[in-house]
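A.B. asks: One structure, as C-alpha cells, below. Some questions next.
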Amino acid sequence: MKQKPQDFGAIGAAPVLSSDKLERAGLRFSQWERLSPRQAYDGSTDARHVVAIHGSPGPVELSEYEPGGMNNGIARPGDIQIIPSGERAHCEWRQSLSFMKLEILPSKLEEVAAASGFGRSANLRWERRFLVQDPKLLQLSRWMLEELRSGGASGRLYWDSLSNLAAVHLLQHYTTSSQACLKPKPLTSAQVSRAIEFMHEHLEQDMTLEQLASAANVSLSHLVRLFKRHTGWTPHQYLIRLRVERAKLWIRCGQRSLKEIAAELGFSDQSHFTRMFKKYTGLTPMQYAVQSGWPHEPGAFPEKNRHSL
C-alpha cells in the first residue's frame, strides 16, 4: 500500500534558492534540487497559482493525480506544469526531481489583468497544463534564476519587470479568451519622455517599476510591454544604458575613482558595474579609462583603485 502523499514542507523539502527577500509584487520564485522519489503535494496551490519548470538533467517518470483523473508522462528539462490556485493535486516522481517554481497570488494577476486590458482575472478561466513546452516562460524563469543567484544585483526595477512580464505571459497563453481581451491603449511619446526624465533625475537610486509607471502616469504592465516599442529597450535596459553613459562622462572628466562612480550610479557593487559597463561598451571601466587618457588631474583614479575593477 502506497504511503499517503504529504505536503513538501512535511517531507522536509525546501528550495535551495527563493525570492523571499526580493518579493514585492505578489510573485515568488524558487529553485528546488534533487528531491528523492516519492509522492507529495504542493500546499501553495491553496492560495497561489503554481507553475513548475522542470530542470532535472535526465527524464523523470511523473504522475499527477487530481480529483478528475490522472496524468502520466516523462518530464524533461524545460517541461512546464501549471496548477491554478485552489486546485489541489499531488505528484509522484520515480527519479530524482529538480525544478524551478513560480507562485503568483491571484490578487497580483487581478492587478495585471485590469491594467493590461484583459478585464477582471476572476472572469478568466485558467487552464491546467501538464508537461508542455513554453520557450518564453522558460527564458523568463532562467533570467529570474540568474537574478536570484546574483542576490538581486540588477535592482528592483529589473525584478519587477520580470514579474510583470511573466504575469502578462501567463494571462495571454493560459487563460481563455485572453487574446481577444488584450487591447491596450498606446503609450504616448510624452509618457515615455516622462519616464526617461525620471530615470535621468534618479540614476543613483534603486528605483522601482511602480515609481517609473507613476512618473509616466501609466500602469506597470502597460509600461513594461510598450516602453520597448518606443525606445527599442526595456525600462531596465534603458536605465542601465543611461548609467553607463553617465559613467563614461565621469571617467573622461577624471574627477572620481571607478569605485566612487560605481557607488554613485546605483550599481550594487564594482563587479556589477564592470559587467554592465562591458556589456554595453565592450570594454571594462578600467580599459575605457586608459583609452580616455586618465588621469586628467593629480589624484584622479588613485592607484589603489586601478586594480579594483
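Identifiers in this document derive from the order of the C-alpha cells: chains are assigned A, B, ..., residues are numbered from 1 separately in each chain, and ligands are numbered from 1 in order of occurrence.
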What residues in segment 50-90 of chain A get the DSSP label strand (DSSP E)? Please answer as a VMD selection string.
C.D. replies: chain A and resid 50 to 54 60 to 66 69 to 75 79 to 83 90
A.B. asks: Let me see the file: selected residues, N, CA and C atoms, as an mmCIF file, in the first residue's frame.
C.D. replies:
data_model
loop_
_atom_site.group_PDB
_atom_site.id
_atom_site.type_symbol
_atom_site.label_atom_id
_atom_site.label_comp_id
_atom_site.auth_asym_id
_atom_site.auth_seq_id
_atom_site.Cartn_x
_atom_site.Cartn_y
_atom_site.Cartn_z
ATOM 1 N N VAL A 50 0.379 28.068 -9.374
ATOM 2 C CA VAL A 50 1.718 27.495 -9.339
ATOM 3 C C VAL A 50 2.140 27.043 -10.733
ATOM 4 N N VAL A 51 3.348 27.431 -11.115
ATOM 5 C CA VAL A 51 3.953 26.997 -12.373
ATOM 6 C C VAL A 51 5.278 26.329 -12.032
ATOM 7 N N ALA A 52 5.433 25.055 -12.429
ATOM 8 C CA ALA A 52 6.680 24.320 -12.215
ATOM 9 C C ALA A 52 7.400 24.175 -13.542
ATOM 10 N N ILE A 53 8.688 24.510 -13.578
ATOM 11 C CA ILE A 53 9.511 24.395 -14.778
ATOM 12 C C ILE A 53 10.577 23.343 -14.497
ATOM 13 N N HIS A 54 10.453 22.200 -15.126
ATOM 14 C CA HIS A 54 11.322 21.071 -14.807
ATOM 15 C C HIS A 54 12.743 21.315 -15.278
ATOM 16 N N VAL A 60 12.335 12.154 -16.183
ATOM 17 C CA VAL A 60 11.750 11.738 -14.907
ATOM 18 C C VAL A 60 10.335 11.234 -15.167
ATOM 19 N N GLU A 61 10.061 10.010 -14.737
ATOM 20 C CA GLU A 61 8.701 9.482 -14.836
ATOM 21 C C GLU A 61 7.835 10.199 -13.808
ATOM 22 N N LEU A 62 6.739 10.795 -14.291
ATOM 23 C CA LEU A 62 5.934 11.656 -13.427
ATOM 24 C C LEU A 62 4.456 11.333 -13.581
ATOM 25 N N SER A 63 3.769 11.258 -12.449
ATOM 26 C CA SER A 63 2.313 11.103 -12.443
ATOM 27 C C SER A 63 1.711 12.246 -11.645
ATOM 28 N N GLU A 64 0.638 12.807 -12.180
ATOM 29 C CA GLU A 64 -0.075 13.889 -11.500
ATOM 30 C C GLU A 64 -1.494 13.418 -11.224
ATOM 31 N N TYR A 65 -1.867 13.402 -9.947
ATOM 32 C CA TYR A 65 -3.187 12.935 -9.530
ATOM 33 C C TYR A 65 -4.047 14.142 -9.171
ATOM 34 N N GLU A 66 -5.242 14.190 -9.739
ATOM 35 C CA GLU A 66 -6.201 15.253 -9.440
ATOM 36 C C GLU A 66 -7.577 14.623 -9.281
ATOM 37 N N GLY A 69 -8.966 12.772 -12.336
ATOM 38 C CA GLY A 69 -8.236 11.724 -13.022
ATOM 39 C C GLY A 69 -6.744 11.803 -12.764
ATOM 40 N N MET A 70 -5.969 11.245 -13.686
ATOM 41 C CA MET A 70 -4.526 11.162 -13.508
ATOM 42 C C MET A 70 -3.835 11.412 -14.830
ATOM 43 N N ASN A 71 -2.696 12.108 -14.778
ATOM 44 C CA ASN A 71 -1.847 12.313 -15.953
ATOM 45 C C ASN A 71 -0.519 11.612 -15.732
ATOM 46 N N ASN A 72 -0.050 10.897 -16.735
ATOM 47 C CA ASN A 72 1.252 10.247 -16.682
ATOM 48 C C ASN A 72 2.111 10.780 -17.816
ATOM 49 N N GLY A 73 3.401 10.945 -17.555
ATOM 50 C CA GLY A 73 4.286 11.421 -18.610
ATOM 51 C C GLY A 73 5.738 11.352 -18.194
ATOM 52 N N ILE A 74 6.596 11.767 -19.100
ATOM 53 C CA ILE A 74 8.028 11.852 -18.857
ATOM 54 C C ILE A 74 8.402 13.326 -18.840
ATOM 55 N N ALA A 75 8.847 13.815 -17.692
ATOM 56 C CA ALA A 75 9.250 15.217 -17.565
ATOM 57 C C ALA A 75 10.695 15.369 -18.033
ATOM 58 N N ASP A 79 10.103 21.287 -19.536
ATOM 59 C CA ASP A 79 8.676 20.983 -19.479
ATOM 60 C C ASP A 79 8.020 21.763 -18.336
ATOM 61 N N ILE A 80 6.769 22.161 -18.565
ATOM 62 C CA ILE A 80 6.072 23.049 -17.630
ATOM 63 C C ILE A 80 4.755 22.434 -17.180
ATOM 64 N N GLN A 81 4.478 22.559 -15.885
ATOM 65 C CA GLN A 81 3.178 22.215 -15.320
ATOM 66 C C GLN A 81 2.543 23.464 -14.737
ATOM 67 N N ILE A 82 1.239 23.599 -14.914
ATOM 68 C CA ILE A 82 0.508 24.730 -14.341
ATOM 69 C C ILE A 82 -0.667 24.198 -13.536
ATOM 70 N N ILE A 83 -0.741 24.603 -12.272
ATOM 71 C CA ILE A 83 -1.850 24.227 -11.397
ATOM 72 C C ILE A 83 -2.495 25.508 -10.886
ATOM 73 N N HIS A 90 -1.615 16.071 -6.279
ATOM 74 C CA HIS A 90 -0.315 15.598 -5.814
ATOM 75 C C HIS A 90 0.381 14.851 -6.944
#
A.B. asks: May I ask for the distance between atom CA of Leu148 of chain A and atom CA of Arg28 of chain A, given in Å to one decimal place?
C.D. replies: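 These atoms are spaced 11.1 Å apart.
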A.B. asks: Which residues are near Thr208 of chain A? Cut-off 8 Å, only C-alpha atoms, ignore same chain within fewer than 5 positions. Put them as a ChimeraX atom specification.
C.D. replies: /A:156-157,160
A.B. asks: Extract, using only C-alpha atoms, all DNA, RNA and protein residues at most 7 Å from Val16 of chain A, discarding same-chain residues fewer than 3 positions from it, and format them as a list in words.
C.D. replies: Gln31, Trp32 and Glu33 of chain A
A.B. asks: Pick out the residues sitting within 9 Å of segment 233-237 of chain A, and hand them over as a compact mmCIF listing (two decimals) with N, CA, C and O atoms, in the first residue's frame; count only C-alpha atoms, and ignore anything fewer than 5 positions along from it in its own chain.
C.D. replies:
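Okay, part_37.txt is ready:
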# COMPACT_ATOMS: atom_id res chain seq x y z
N SER A 154 20.72 43.39 -10.01
CA SER A 154 20.23 44.30 -11.05
C SER A 154 19.18 45.28 -10.55
O SER A 154 18.76 46.17 -11.29
N GLY A 155 18.72 45.12 -9.31
CA GLY A 155 17.82 46.10 -8.72
C GLY A 155 16.35 45.74 -8.82
O GLY A 155 15.95 44.81 -9.52
N LEU A 157 13.82 47.38 -10.12
CA LEU A 157 13.16 47.63 -11.40
C LEU A 157 13.24 46.39 -12.29
O LEU A 157 12.27 46.01 -12.94
N TYR A 158 14.39 45.75 -12.31
CA TYR A 158 14.57 44.56 -13.14
C TYR A 158 13.69 43.42 -12.66
O TYR A 158 13.00 42.77 -13.46
N SER A 161 10.08 44.08 -13.43
CA SER A 161 9.83 43.93 -14.86
C SER A 161 9.67 42.46 -15.23
O SER A 161 8.74 42.08 -15.96
N ALA A 195 8.92 59.13 -18.34
CA ALA A 195 9.61 58.01 -17.70
C ALA A 195 11.12 58.16 -17.82
O ALA A 195 11.86 57.93 -16.86
N ILE A 196 11.58 58.56 -19.00
CA ILE A 196 13.02 58.74 -19.21
C ILE A 196 13.55 59.90 -18.37
O ILE A 196 14.65 59.83 -17.81
N LEU A 209 9.60 49.80 -10.42
CA LEU A 209 8.76 49.93 -11.60
C LEU A 209 7.52 50.77 -11.28
O LEU A 209 7.03 51.51 -12.12
N LEU A 212 8.43 54.41 -11.64
CA LEU A 212 8.57 54.78 -13.05
C LEU A 212 7.21 54.89 -13.73
O LEU A 212 6.95 55.83 -14.48
N LEU A 223 3.52 49.87 -19.13
CA LEU A 223 4.85 50.46 -19.30
C LEU A 223 5.87 49.41 -19.74
O LEU A 223 6.63 49.63 -20.68
N VAL A 224 5.89 48.27 -19.08
CA VAL A 224 6.88 47.23 -19.39
C VAL A 224 6.75 46.76 -20.83
O VAL A 224 7.75 46.63 -21.55
N ARG A 225 5.53 46.51 -21.28
CA ARG A 225 5.34 45.94 -22.62
C ARG A 225 5.57 46.94 -23.73
O ARG A 225 6.02 46.60 -24.81
N LEU A 226 5.22 48.19 -23.51
CA LEU A 226 5.22 49.14 -24.61
C LEU A 226 6.39 50.12 -24.60
O LEU A 226 6.63 50.80 -25.59
N PHE A 227 7.13 50.22 -23.51
CA PHE A 227 8.30 51.08 -23.47
C PHE A 227 9.28 50.68 -24.58
O PHE A 227 9.85 51.53 -25.28
N LYS A 228 9.45 49.37 -24.74
CA LYS A 228 10.39 48.88 -25.74
C LYS A 228 9.94 49.22 -27.16
O LYS A 228 10.75 49.43 -28.06
N LEU A 242 21.69 54.46 -19.55
CA LEU A 242 21.87 55.82 -19.05
C LEU A 242 22.98 55.87 -18.00
O LEU A 242 23.80 56.80 -17.99
A.B. asks: For each of A:Ala153, A:Leu35, A:Leu220, A:Leu97, take the minimum atom-to-atom distance to Asp206 of chain A, counting only C-alpha atoms, then give the residue where this is smallest.
C.D. replies: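 Smallest separation from Asp206 of chain A among the options: A:Ala153.
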A.B. asks: For Glu201 of chain A, find every residue with an atom within 12 Å (counting only C-alpha atoms), except residues of its own chain fewer than 6 positions away, and show them as a list in words.
C.D. replies: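 Close residues of Glu201 of chain A: Arg194, Ala195, Met207, Leu212, Ala215, Leu239, Leu242, Arg243, Arg246 and Leu265 of chain A.
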A.B. asks: Which parts of segment 116-250 of chain A does DSSP call alpha helix (DSSP H) when run on the backbone here, written out as a PyMOL selection string?
C.D. replies: chain A and resi 116+135-149+156-174+178-181+189-201+209-216+220-231+235-250
A.B. asks: With only C-alpha atoms as the atoms that count, which of A:Glu147, A:Glu127, A:Glu92, A:Asp134 lies nearest to Ser19 of chain A?
C.D. replies: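 Using only C-alpha atoms, Ser19 of chain A sits closest to A:Glu147.
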A.B. asks: Between A:Gln205, A:Leu102, A:Ala262, A:Tyr238, which has the minimum distance to Ser18 of chain A (counting only C-alpha atoms)?
C.D. replies: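 So, comparing all the options, the nearest one is A:Leu102.
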A.B. asks: Could you name the residues that touch segment 171-174 of chain A at 6 Å or less, counting only C-alpha atoms, but leaving out those on the same chain fewer than 2 positions away, as a PyMOL selection string?
C.D. replies: chain A and resi 126-127+168-169+178
A.B. asks: Would you save the residues from that selection as a compact mmCIF listing (two decimals), in the first residue's frame, using all heavy atoms?
C.D. replies:
# COMPACT_ATOMS: atom_id res chain seq x y z
N TRP A 126 -8.62 29.78 -15.89
CA TRP A 126 -7.25 29.30 -16.00
C TRP A 126 -7.24 27.88 -16.54
O TRP A 126 -8.08 27.05 -16.19
CB TRP A 126 -6.56 29.33 -14.64
CG TRP A 126 -5.95 30.66 -14.38
CD1 TRP A 126 -6.57 31.79 -13.96
CD2 TRP A 126 -4.59 31.01 -14.58
NE1 TRP A 126 -5.69 32.82 -13.87
CE2 TRP A 126 -4.45 32.37 -14.24
CE3 TRP A 126 -3.46 30.30 -14.99
CZ2 TRP A 126 -3.25 33.04 -14.32
CZ3 TRP A 126 -2.25 30.97 -15.06
CH2 TRP A 126 -2.15 32.32 -14.73
N GLU A 127 -6.27 27.59 -17.39
CA GLU A 127 -6.13 26.27 -17.98
C GLU A 127 -5.02 25.50 -17.28
O GLU A 127 -3.89 25.97 -17.19
CB GLU A 127 -5.80 26.40 -19.48
CG GLU A 127 -6.87 27.12 -20.27
CD GLU A 127 -6.46 27.31 -21.72
OE1 GLU A 127 -5.33 26.90 -22.08
OE2 GLU A 127 -7.26 27.86 -22.48
N VAL A 168 1.91 38.72 -17.40
CA VAL A 168 1.23 39.01 -18.67
C VAL A 168 1.29 37.79 -19.59
O VAL A 168 0.31 37.44 -20.25
CB VAL A 168 1.84 40.24 -19.35
CG1 VAL A 168 1.33 40.37 -20.79
CG2 VAL A 168 1.50 41.50 -18.58
N HIS A 169 2.44 37.13 -19.64
CA HIS A 169 2.58 35.95 -20.49
C HIS A 169 1.61 34.85 -20.07
O HIS A 169 0.96 34.23 -20.92
CB HIS A 169 4.02 35.43 -20.44
CG HIS A 169 4.25 34.25 -21.30
ND1 HIS A 169 4.47 34.35 -22.67
CD2 HIS A 169 4.29 32.92 -21.01
CE1 HIS A 169 4.64 33.15 -23.18
NE2 HIS A 169 4.53 32.26 -22.20
N SER A 178 -8.09 35.30 -23.70
CA SER A 178 -7.22 36.40 -23.31
C SER A 178 -6.79 37.24 -24.50
O SER A 178 -6.69 38.45 -24.42
CB SER A 178 -5.97 35.86 -22.60
OG SER A 178 -5.27 34.97 -23.44
A.B. asks: For Gly55 of chain A, which residue among A:Pro135, A:Pro84, A:Pro77, A:Gly43 is the nearest when counting only C-alpha atoms?
C.D. replies: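 Under the stated criterion, the closest residue is A:Pro77.
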A.B. asks: Looking at only C-alpha atoms, which of A:Leu162, A:Phe8, A:Tyr41, A:Glu245 is the one that sits closest to Thr281 of chain A?
C.D. replies: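 Smallest separation from Thr281 of chain A among the options: A:Glu245.
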